[in-house]
Every structure is written in C-alpha cells, then in structure tokens.
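Peer 1: Got a file for you: start05.cif, mmCIF, N, CA and C atoms.
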data_model
#
loop_
_atom_site.label_atom_id
_atom_site.label_comp_id
_atom_site.auth_asym_id
_atom_site.auth_seq_id
_atom_site.Cartn_x
_atom_site.Cartn_y
_atom_site.Cartn_z
N MET A 1 90.74 -7.33 42.91
CA MET A 1 90.05 -7.86 41.76
C MET A 1 90.49 -9.28 41.46
N TRP A 2 91.82 -9.53 41.49
CA TRP A 2 92.32 -10.87 41.21
C TRP A 2 91.85 -11.86 42.25
N HIS A 3 91.73 -11.40 43.49
CA HIS A 3 91.26 -12.28 44.56
C HIS A 3 89.85 -12.79 44.27
N LEU A 4 88.96 -11.91 43.85
CA LEU A 4 87.59 -12.32 43.56
C LEU A 4 87.53 -13.23 42.35
N ARG A 5 88.35 -12.98 41.34
CA ARG A 5 88.36 -13.83 40.15
C ARG A 5 88.80 -15.25 40.52
N GLY A 6 89.85 -15.36 41.33
CA GLY A 6 90.30 -16.67 41.78
C GLY A 6 89.26 -17.37 42.62
N LEU A 7 88.59 -16.61 43.49
CA LEU A 7 87.55 -17.17 44.33
C LEU A 7 86.39 -17.68 43.47
N ALA A 8 86.03 -16.93 42.44
CA ALA A 8 84.94 -17.34 41.56
C ALA A 8 85.30 -18.59 40.79
N GLN A 9 86.54 -18.71 40.35
CA GLN A 9 86.94 -19.90 39.61
C GLN A 9 86.95 -21.13 40.49
N ARG A 10 87.36 -20.98 41.76
CA ARG A 10 87.38 -22.13 42.67
C ARG A 10 86.00 -22.54 43.12
N ARG A 11 85.06 -21.63 43.17
CA ARG A 11 83.75 -21.91 43.74
C ARG A 11 82.62 -21.79 42.73
N ARG A 12 82.83 -22.25 41.51
CA ARG A 12 81.79 -22.15 40.50
C ARG A 12 80.51 -22.86 40.91
N SER A 13 80.63 -23.90 41.74
CA SER A 13 79.45 -24.63 42.16
C SER A 13 78.64 -23.87 43.21
N ALA A 14 79.18 -22.79 43.73
CA ALA A 14 78.48 -22.03 44.77
C ALA A 14 78.52 -20.54 44.44
N PRO A 15 77.85 -20.09 43.36
CA PRO A 15 77.94 -18.68 42.99
C PRO A 15 77.35 -17.74 44.03
N ASN A 16 76.34 -18.18 44.79
CA ASN A 16 75.77 -17.31 45.82
C ASN A 16 76.78 -17.01 46.91
N LEU A 17 77.61 -17.98 47.22
CA LEU A 17 78.63 -17.78 48.24
C LEU A 17 79.65 -16.74 47.77
N VAL A 18 80.05 -16.82 46.51
CA VAL A 18 81.00 -15.86 45.96
C VAL A 18 80.39 -14.46 45.99
N LEU A 19 79.15 -14.34 45.56
CA LEU A 19 78.47 -13.06 45.57
C LEU A 19 78.36 -12.52 46.99
N GLY A 20 78.00 -13.38 47.93
CA GLY A 20 77.89 -12.95 49.32
C GLY A 20 79.21 -12.47 49.87
N LYS A 21 80.30 -13.18 49.56
CA LYS A 21 81.62 -12.75 50.04
C LYS A 21 82.03 -11.43 49.39
N ALA A 22 81.71 -11.28 48.11
CA ALA A 22 82.07 -10.04 47.41
C ALA A 22 81.34 -8.86 48.01
N LEU A 23 80.12 -9.07 48.47
CA LEU A 23 79.34 -7.99 49.06
C LEU A 23 79.57 -7.87 50.56
N GLY A 24 80.43 -8.73 51.11
CA GLY A 24 80.74 -8.67 52.53
C GLY A 24 79.67 -9.30 53.40
N MET A 25 78.83 -10.15 52.81
CA MET A 25 77.76 -10.81 53.58
C MET A 25 78.23 -12.19 53.99
N SER A 26 77.76 -12.66 55.13
CA SER A 26 78.06 -14.03 55.52
C SER A 26 77.03 -14.95 54.89
N TRP A 27 77.31 -16.24 54.88
CA TRP A 27 76.44 -17.23 54.25
C TRP A 27 75.21 -17.52 55.09
N SER A 28 75.34 -17.51 56.39
CA SER A 28 74.23 -17.89 57.28
C SER A 28 72.95 -17.07 57.07
N PRO A 29 73.01 -15.73 57.04
CA PRO A 29 71.76 -14.99 56.88
C PRO A 29 71.05 -15.29 55.57
N ILE A 30 71.79 -15.58 54.51
CA ILE A 30 71.16 -15.92 53.24
C ILE A 30 70.32 -17.18 53.41
N ARG A 31 70.87 -18.17 54.09
CA ARG A 31 70.14 -19.42 54.31
C ARG A 31 68.96 -19.23 55.25
N GLU A 32 69.16 -18.44 56.30
CA GLU A 32 68.10 -18.27 57.28
C GLU A 32 66.90 -17.55 56.70
N GLU A 33 67.12 -16.69 55.69
CA GLU A 33 66.02 -15.96 55.09
C GLU A 33 65.19 -16.84 54.16
N ALA A 34 65.78 -17.93 53.68
CA ALA A 34 65.08 -18.79 52.73
C ALA A 34 63.92 -19.49 53.44
N GLN A 35 62.74 -19.28 52.92
CA GLN A 35 61.56 -19.92 53.46
C GLN A 35 61.13 -21.02 52.51
N CYS A 36 60.79 -22.15 53.04
CA CYS A 36 60.37 -23.26 52.22
C CYS A 36 59.01 -22.95 51.59
N GLN A 37 58.96 -22.89 50.28
CA GLN A 37 57.73 -22.58 49.57
C GLN A 37 56.88 -23.84 49.35
N VAL A 38 57.47 -25.01 49.56
CA VAL A 38 56.79 -26.27 49.33
C VAL A 38 56.70 -27.00 50.67
N ALA A 39 55.55 -27.61 50.95
CA ALA A 39 55.43 -28.41 52.16
C ALA A 39 56.44 -29.54 52.11
N VAL A 40 57.05 -29.86 53.25
CA VAL A 40 58.10 -30.87 53.28
C VAL A 40 57.61 -32.20 52.72
N GLU A 41 56.37 -32.55 53.02
CA GLU A 41 55.82 -33.82 52.53
C GLU A 41 55.73 -33.86 51.01
N GLN A 42 55.65 -32.69 50.36
CA GLN A 42 55.54 -32.61 48.90
C GLN A 42 56.87 -32.30 48.22
N CYS A 43 57.91 -32.12 48.99
CA CYS A 43 59.23 -31.83 48.45
C CYS A 43 59.72 -33.04 47.64
N PRO A 44 60.23 -32.83 46.43
CA PRO A 44 60.70 -33.96 45.61
C PRO A 44 61.73 -34.84 46.32
N PHE A 45 62.60 -34.22 47.14
CA PHE A 45 63.60 -35.00 47.88
C PHE A 45 62.92 -35.99 48.82
N VAL A 46 61.93 -35.52 49.58
CA VAL A 46 61.23 -36.37 50.54
C VAL A 46 60.38 -37.41 49.80
N LEU A 47 59.72 -37.00 48.75
CA LEU A 47 58.92 -37.95 47.97
C LEU A 47 59.78 -39.08 47.42
N GLY A 48 61.03 -38.77 47.08
CA GLY A 48 61.94 -39.79 46.60
C GLY A 48 62.42 -40.74 47.68
N LEU A 49 62.32 -40.34 48.94
CA LEU A 49 62.77 -41.18 50.05
C LEU A 49 61.72 -42.20 50.48
N THR A 50 60.46 -41.82 50.33
CA THR A 50 59.38 -42.66 50.84
C THR A 50 58.86 -43.56 49.72
N ASN A 51 58.23 -44.65 50.14
CA ASN A 51 57.56 -45.53 49.19
C ASN A 51 56.16 -45.81 49.71
N GLU A 52 55.47 -46.75 49.10
CA GLU A 52 54.09 -47.03 49.50
C GLU A 52 53.98 -47.51 50.95
N ASP A 53 55.01 -48.22 51.42
CA ASP A 53 54.96 -48.80 52.76
C ASP A 53 55.57 -47.91 53.84
N SER A 54 56.17 -46.79 53.47
CA SER A 54 56.79 -45.93 54.47
C SER A 54 56.17 -44.54 54.43
N GLU A 55 56.28 -43.86 55.55
CA GLU A 55 55.75 -42.50 55.63
C GLU A 55 56.70 -41.63 56.43
N LEU A 56 56.65 -40.34 56.17
CA LEU A 56 57.46 -39.37 56.90
C LEU A 56 56.86 -39.17 58.29
N ILE A 57 57.66 -39.42 59.32
CA ILE A 57 57.20 -39.29 60.70
C ILE A 57 57.63 -37.96 61.28
N LEU A 58 58.86 -37.55 61.00
CA LEU A 58 59.42 -36.34 61.60
C LEU A 58 60.44 -35.72 60.66
N ASP A 59 60.42 -34.40 60.57
CA ASP A 59 61.50 -33.69 59.90
C ASP A 59 61.91 -32.54 60.82
N GLU A 60 63.21 -32.44 61.05
CA GLU A 60 63.70 -31.48 62.05
C GLU A 60 65.10 -31.01 61.69
N CYS A 61 65.37 -29.75 61.94
CA CYS A 61 66.71 -29.19 61.79
C CYS A 61 67.48 -29.44 63.09
N ALA A 62 68.76 -29.75 62.97
CA ALA A 62 69.57 -30.01 64.15
C ALA A 62 71.03 -29.73 63.84
N GLN A 63 71.83 -29.60 64.91
CA GLN A 63 73.27 -29.50 64.76
C GLN A 63 73.84 -30.90 64.91
N LEU A 64 74.58 -31.33 63.92
CA LEU A 64 75.15 -32.67 63.91
C LEU A 64 76.66 -32.55 64.06
N THR A 65 77.22 -33.20 65.07
CA THR A 65 78.66 -33.16 65.31
C THR A 65 79.24 -34.53 65.03
N GLU A 66 80.11 -34.58 64.02
CA GLU A 66 80.85 -35.80 63.70
C GLU A 66 82.33 -35.48 63.90
N GLY A 67 82.96 -36.14 64.84
CA GLY A 67 84.36 -35.83 65.13
C GLY A 67 84.46 -34.41 65.65
N LEU A 68 85.27 -33.58 64.99
CA LEU A 68 85.45 -32.20 65.42
C LEU A 68 84.60 -31.22 64.63
N LYS A 69 83.83 -31.72 63.65
CA LYS A 69 83.04 -30.84 62.78
C LYS A 69 81.58 -30.82 63.21
N THR A 70 81.04 -29.62 63.38
CA THR A 70 79.63 -29.43 63.71
C THR A 70 78.97 -28.68 62.56
N ARG A 71 77.86 -29.24 62.08
CA ARG A 71 77.17 -28.64 60.94
C ARG A 71 75.67 -28.70 61.14
N GLU A 72 74.97 -27.75 60.50
CA GLU A 72 73.51 -27.77 60.48
C GLU A 72 73.07 -28.84 59.48
N ARG A 73 72.18 -29.71 59.90
CA ARG A 73 71.66 -30.76 59.03
C ARG A 73 70.16 -30.89 59.25
N HIS A 74 69.50 -31.46 58.29
CA HIS A 74 68.07 -31.71 58.38
C HIS A 74 67.88 -33.21 58.53
N LEU A 75 67.13 -33.62 59.55
CA LEU A 75 66.89 -35.04 59.79
C LEU A 75 65.46 -35.38 59.40
N PHE A 76 65.32 -36.44 58.62
CA PHE A 76 64.02 -36.95 58.22
C PHE A 76 63.89 -38.34 58.81
N LEU A 77 62.92 -38.53 59.69
CA LEU A 77 62.65 -39.85 60.24
C LEU A 77 61.50 -40.45 59.44
N ILE A 78 61.80 -41.52 58.75
CA ILE A 78 60.80 -42.23 57.96
C ILE A 78 60.55 -43.53 58.69
N SER A 79 59.44 -44.16 58.44
CA SER A 79 59.07 -45.36 59.21
C SER A 79 60.10 -46.48 59.12
N ASP A 80 60.99 -46.46 58.12
CA ASP A 80 61.99 -47.52 58.02
C ASP A 80 63.43 -47.03 57.96
N ALA A 81 63.65 -45.70 58.03
CA ALA A 81 65.02 -45.18 57.91
C ALA A 81 65.13 -43.79 58.52
N LEU A 82 66.37 -43.41 58.82
CA LEU A 82 66.70 -42.05 59.21
C LEU A 82 67.54 -41.47 58.08
N VAL A 83 67.14 -40.30 57.58
CA VAL A 83 67.86 -39.65 56.50
C VAL A 83 68.41 -38.33 57.02
N ILE A 84 69.69 -38.11 56.79
CA ILE A 84 70.35 -36.87 57.18
C ILE A 84 70.74 -36.16 55.89
N ALA A 85 70.31 -34.91 55.78
CA ALA A 85 70.53 -34.16 54.55
C ALA A 85 71.01 -32.76 54.86
N LYS A 86 71.61 -32.16 53.84
CA LYS A 86 72.07 -30.77 53.92
C LYS A 86 71.11 -29.92 53.10
N LEU A 87 70.68 -28.80 53.65
CA LEU A 87 69.80 -27.88 52.94
C LEU A 87 70.62 -27.15 51.87
N LYS A 88 70.16 -27.26 50.61
CA LYS A 88 70.84 -26.57 49.51
C LYS A 88 70.14 -25.29 49.13
N SER A 89 68.81 -25.31 49.09
CA SER A 89 68.03 -24.13 48.73
C SER A 89 66.67 -24.26 49.40
N ASN A 90 65.69 -23.46 48.98
CA ASN A 90 64.38 -23.42 49.64
C ASN A 90 63.81 -24.80 49.94
N ALA A 91 63.75 -25.67 48.96
CA ALA A 91 63.17 -27.00 49.19
C ALA A 91 64.03 -28.07 48.55
N SER A 92 65.33 -27.84 48.52
CA SER A 92 66.25 -28.77 47.89
C SER A 92 67.28 -29.22 48.92
N TYR A 93 67.52 -30.51 48.97
CA TYR A 93 68.44 -31.08 49.95
C TYR A 93 69.47 -31.95 49.25
N ARG A 94 70.62 -32.10 49.89
CA ARG A 94 71.64 -33.03 49.43
C ARG A 94 71.75 -34.14 50.47
N LEU A 95 71.59 -35.37 50.03
CA LEU A 95 71.65 -36.52 50.92
C LEU A 95 73.06 -36.69 51.47
N LYS A 96 73.16 -36.79 52.79
CA LYS A 96 74.44 -37.03 53.45
C LYS A 96 74.52 -38.46 53.99
N HIS A 97 73.47 -38.92 54.65
CA HIS A 97 73.43 -40.29 55.18
C HIS A 97 72.00 -40.82 55.09
N ARG A 98 71.88 -42.09 54.80
CA ARG A 98 70.60 -42.79 54.91
C ARG A 98 70.89 -44.08 55.67
N VAL A 99 70.24 -44.25 56.82
CA VAL A 99 70.51 -45.38 57.69
C VAL A 99 69.20 -46.11 57.97
N ASP A 100 69.18 -47.41 57.70
CA ASP A 100 68.01 -48.21 58.07
C ASP A 100 67.88 -48.20 59.59
N LEU A 101 66.66 -48.14 60.08
CA LEU A 101 66.46 -48.07 61.54
C LEU A 101 66.98 -49.31 62.25
N LYS A 102 66.97 -50.44 61.57
CA LYS A 102 67.47 -51.68 62.20
C LYS A 102 68.99 -51.61 62.43
N ASP A 103 69.69 -50.72 61.70
CA ASP A 103 71.13 -50.57 61.84
C ASP A 103 71.53 -49.39 62.72
N LEU A 104 70.55 -48.67 63.25
CA LEU A 104 70.81 -47.44 63.99
C LEU A 104 70.77 -47.69 65.50
N TRP A 105 71.75 -47.13 66.19
CA TRP A 105 71.80 -47.18 67.64
C TRP A 105 71.60 -45.76 68.15
N VAL A 106 70.68 -45.58 69.09
CA VAL A 106 70.35 -44.25 69.62
C VAL A 106 70.55 -44.26 71.13
N CYS A 107 71.21 -43.23 71.63
CA CYS A 107 71.42 -43.12 73.07
C CYS A 107 71.10 -41.70 73.52
N GLY A 108 70.22 -41.59 74.51
CA GLY A 108 69.92 -40.30 75.11
C GLY A 108 70.73 -40.12 76.37
N PHE A 109 70.55 -39.01 77.04
CA PHE A 109 71.28 -38.72 78.26
C PHE A 109 70.33 -38.72 79.44
N GLU A 110 70.82 -39.17 80.58
CA GLU A 110 70.03 -39.17 81.81
C GLU A 110 69.75 -37.74 82.24
N ASN A 111 68.61 -37.52 82.86
CA ASN A 111 68.29 -36.19 83.41
C ASN A 111 68.87 -36.09 84.81
N ASP A 112 70.06 -35.57 84.90
CA ASP A 112 70.70 -35.36 86.20
C ASP A 112 70.30 -34.00 86.72
N GLU A 113 70.14 -33.90 88.01
CA GLU A 113 69.83 -32.63 88.63
C GLU A 113 71.01 -31.66 88.49
N GLU A 114 72.22 -32.22 88.52
CA GLU A 114 73.41 -31.39 88.40
C GLU A 114 73.79 -31.27 86.93
N GLU A 115 73.84 -30.08 86.45
CA GLU A 115 74.24 -29.83 85.06
C GLU A 115 75.76 -29.67 85.03
N ASP A 116 76.40 -30.31 84.06
CA ASP A 116 77.83 -30.12 83.87
C ASP A 116 78.02 -28.84 83.07
N GLU A 117 78.59 -27.83 83.68
CA GLU A 117 78.71 -26.53 83.04
C GLU A 117 79.93 -26.43 82.14
N ASP A 118 80.70 -27.50 82.02
CA ASP A 118 81.87 -27.49 81.16
C ASP A 118 81.53 -27.77 79.70
N THR A 119 80.29 -28.22 79.41
CA THR A 119 79.93 -28.56 78.04
C THR A 119 79.14 -27.43 77.39
N ASP A 120 79.27 -27.35 76.06
CA ASP A 120 78.52 -26.37 75.28
C ASP A 120 77.22 -26.98 74.76
N VAL A 121 76.97 -28.24 75.07
CA VAL A 121 75.82 -28.97 74.55
C VAL A 121 74.77 -29.12 75.64
N ASP A 122 73.52 -28.83 75.28
CA ASP A 122 72.41 -29.05 76.20
C ASP A 122 72.02 -30.52 76.11
N LEU A 123 72.36 -31.29 77.13
CA LEU A 123 72.14 -32.73 77.11
C LEU A 123 70.65 -33.10 77.12
N ARG A 124 69.79 -32.15 77.52
CA ARG A 124 68.35 -32.44 77.53
C ARG A 124 67.77 -32.50 76.12
N THR A 125 68.43 -31.85 75.17
CA THR A 125 67.92 -31.82 73.79
C THR A 125 68.90 -32.48 72.82
N SER A 126 69.75 -33.38 73.32
CA SER A 126 70.76 -34.02 72.49
C SER A 126 70.68 -35.53 72.59
N ILE A 127 71.07 -36.19 71.50
CA ILE A 127 71.17 -37.64 71.47
C ILE A 127 72.44 -38.03 70.73
N VAL A 128 72.87 -39.26 70.94
CA VAL A 128 74.00 -39.81 70.21
C VAL A 128 73.44 -40.83 69.23
N LEU A 129 73.85 -40.73 67.97
CA LEU A 129 73.46 -41.69 66.94
C LEU A 129 74.71 -42.44 66.51
N ALA A 130 74.57 -43.74 66.32
CA ALA A 130 75.70 -44.54 65.84
C ALA A 130 75.19 -45.59 64.86
N TRP A 131 75.98 -45.81 63.85
CA TRP A 131 75.74 -46.90 62.92
C TRP A 131 77.10 -47.34 62.39
N SER A 132 77.14 -48.28 61.49
CA SER A 132 78.40 -48.91 61.11
C SER A 132 79.48 -47.93 60.67
N ALA A 133 79.11 -46.84 60.02
CA ALA A 133 80.12 -45.93 59.47
C ALA A 133 80.29 -44.65 60.26
N CYS A 134 79.53 -44.43 61.31
CA CYS A 134 79.53 -43.11 61.92
C CYS A 134 79.10 -43.12 63.38
N LEU A 135 79.60 -42.16 64.12
CA LEU A 135 79.15 -41.86 65.48
C LEU A 135 79.01 -40.35 65.54
N CYS A 136 77.84 -39.87 65.92
CA CYS A 136 77.64 -38.42 65.93
C CYS A 136 76.72 -37.99 67.07
N LEU A 137 76.86 -36.74 67.45
CA LEU A 137 76.03 -36.11 68.47
C LEU A 137 75.05 -35.21 67.74
N VAL A 138 73.77 -35.35 68.06
CA VAL A 138 72.73 -34.53 67.44
C VAL A 138 72.13 -33.64 68.52
N ALA A 139 72.20 -32.34 68.30
CA ALA A 139 71.64 -31.37 69.24
C ALA A 139 70.46 -30.67 68.56
N PHE A 140 69.27 -30.86 69.09
CA PHE A 140 68.08 -30.24 68.55
C PHE A 140 67.91 -28.85 69.14
N ARG A 141 67.15 -28.02 68.47
CA ARG A 141 66.90 -26.65 68.95
C ARG A 141 66.01 -26.67 70.15
#
Would it be possible to restate this file's structure as structure tokens?

Peer 2:
Amino acid sequence: MWHLRGLAQRRRSAPNLVLGKALGMSWSPIREEAQCQVAVEQCPFVLGLTNEDSELILDECAQLTEGLKTRERHLFLISDALVIAKLKSNASYRLKHRVDLKDLWVCGFENDEEEDEDTDVDLRTSIVLAWSACLCLVAFR
C-alpha cells in the first residue's frame, strides 16, 4: 500500500501510468489502443505548427534514437520544418524538437547486397538526422 501511495505522489502528472502499474498493466498497450479521433490535419497541435505559407506534407510514427535512448516519436514534415513530438493522448502531442529544414542534415544508407547482421536496425527504413543540437537515428516501420 505504501509503495503505491509513494508512486502516486511522484507521478501525479501521469495518473494513467500509476493506475496501469497498480493493475499490473504495461504502458504500451494503453497507448497502442488509443485511436486518433481527429484527423491529423485538424489536430490543434498540427494546426498550431502550420501557417498560411506552409502545409503538412507527412506525418509518421518512428523510433528515434538519440545517444543510448530509443523512443517512439511522431514526425511531422511541414514545408518549412521538421517537427518531432511525443504522443500524449489520442490527438495530443508534446513538442520535442522543431528544426527548420535549412538547418537539417539528412543521410540515408546505401543499399548494399550484403546485410550486416550485427545491427538491430533495418538500414533500408532508417535515416540519420542532424542539426545544431542533435544527432539521431530514425527508424520507420
């Protein structure tokens, strides 16, 4: 009982996580079950990113690896920027990075006939992104 009380006090900003842990559920299935009820183009987060001169070109879920940490992130490619966000709820996102395209460096991988079996990353569906503050590997589904 004391363990759950301490956990609840430390994680007040994430009550669903506390409830899930108390019930013995992991966090991932809760997120995977959430279906977006609003079209991405009409999501307030995306509407706030675009202006009259820009439009949403692509939105995609991907695994983003920065240093030793790999996390699920949502990438929004807008005509003038790349936005990386964390999914908070059905149609709510938390901004993690916004990079102007002129400041972004993108590198893909060559299609070699020989696959390196020592890596856990599929190089055919991965790219490296770099900008002034970050270097990361993006692996698409």

Peer 1: Using atom CA of Leu49 of chain A and atom CA of Cys134 of chain A as the two end points, give the distance in Å to one decimal.

Peer 2: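 For atom CA of Leu49 of chain A relative to atom CA of Cys134 of chain A, the distance reads 20.6 Å.
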
Peer 1: Determine the residue set returned by the PyMOL selection byres ((chain A and resi 63-75) around 5) for the present structure, and present it as a list in words.

Peer 2: Asp59, Glu60, Cys61, Ala62, Phe76, Leu77, Val83, Ile84, Ala85, Lys86, Cys136, Leu137, Val138 and Ala139 of chain A

Peer 1: Rounded to one decimal in Å, what is the spacing between atom CA of Asp80 of chain A and atom CA of Glu55 of chain A?

Peer 2: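 Result for atom CA of Asp80 of chain A versus atom CA of Glu55 of chain A: 8.4 Å, one decimal.
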
Peer 1: Fewer than 3 positions away in the same chain doesn't count, so skip those; otherwise give me all residues within 12 Å of segment 50-52 of chain A, counting only C-alpha atoms, as a ChimeraX atom specification.

Peer 2: /A:41-47,55-57,76-83,98

Peer 1: Figure out the distance between atom C of Thr125 of chain A and atom CA of Arg141 of chain A, please, to one decimal in Å.

Peer 2: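 Pair atom CA of Arg141 of chain A / atom C of Thr125 of chain A returns 7.3 Å.
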
Peer 1: For the file shown, report as a list of chain:residue names the outcome of the PyMOL selection byres ((chain A and resi 106) around 6.5) at residue level.

Peer 2: A:Leu104, A:Trp105, A:Cys107, A:Gly108, A:Val128, A:Leu129, A:Ala130

Peer 1: Under the PyMOL selection byres ((chain A and resi 123) around 8), which residues of this model are included? Write them out as a ChimeraX atom specification.

Peer 2: /A:108-111,119-122,124-127,139
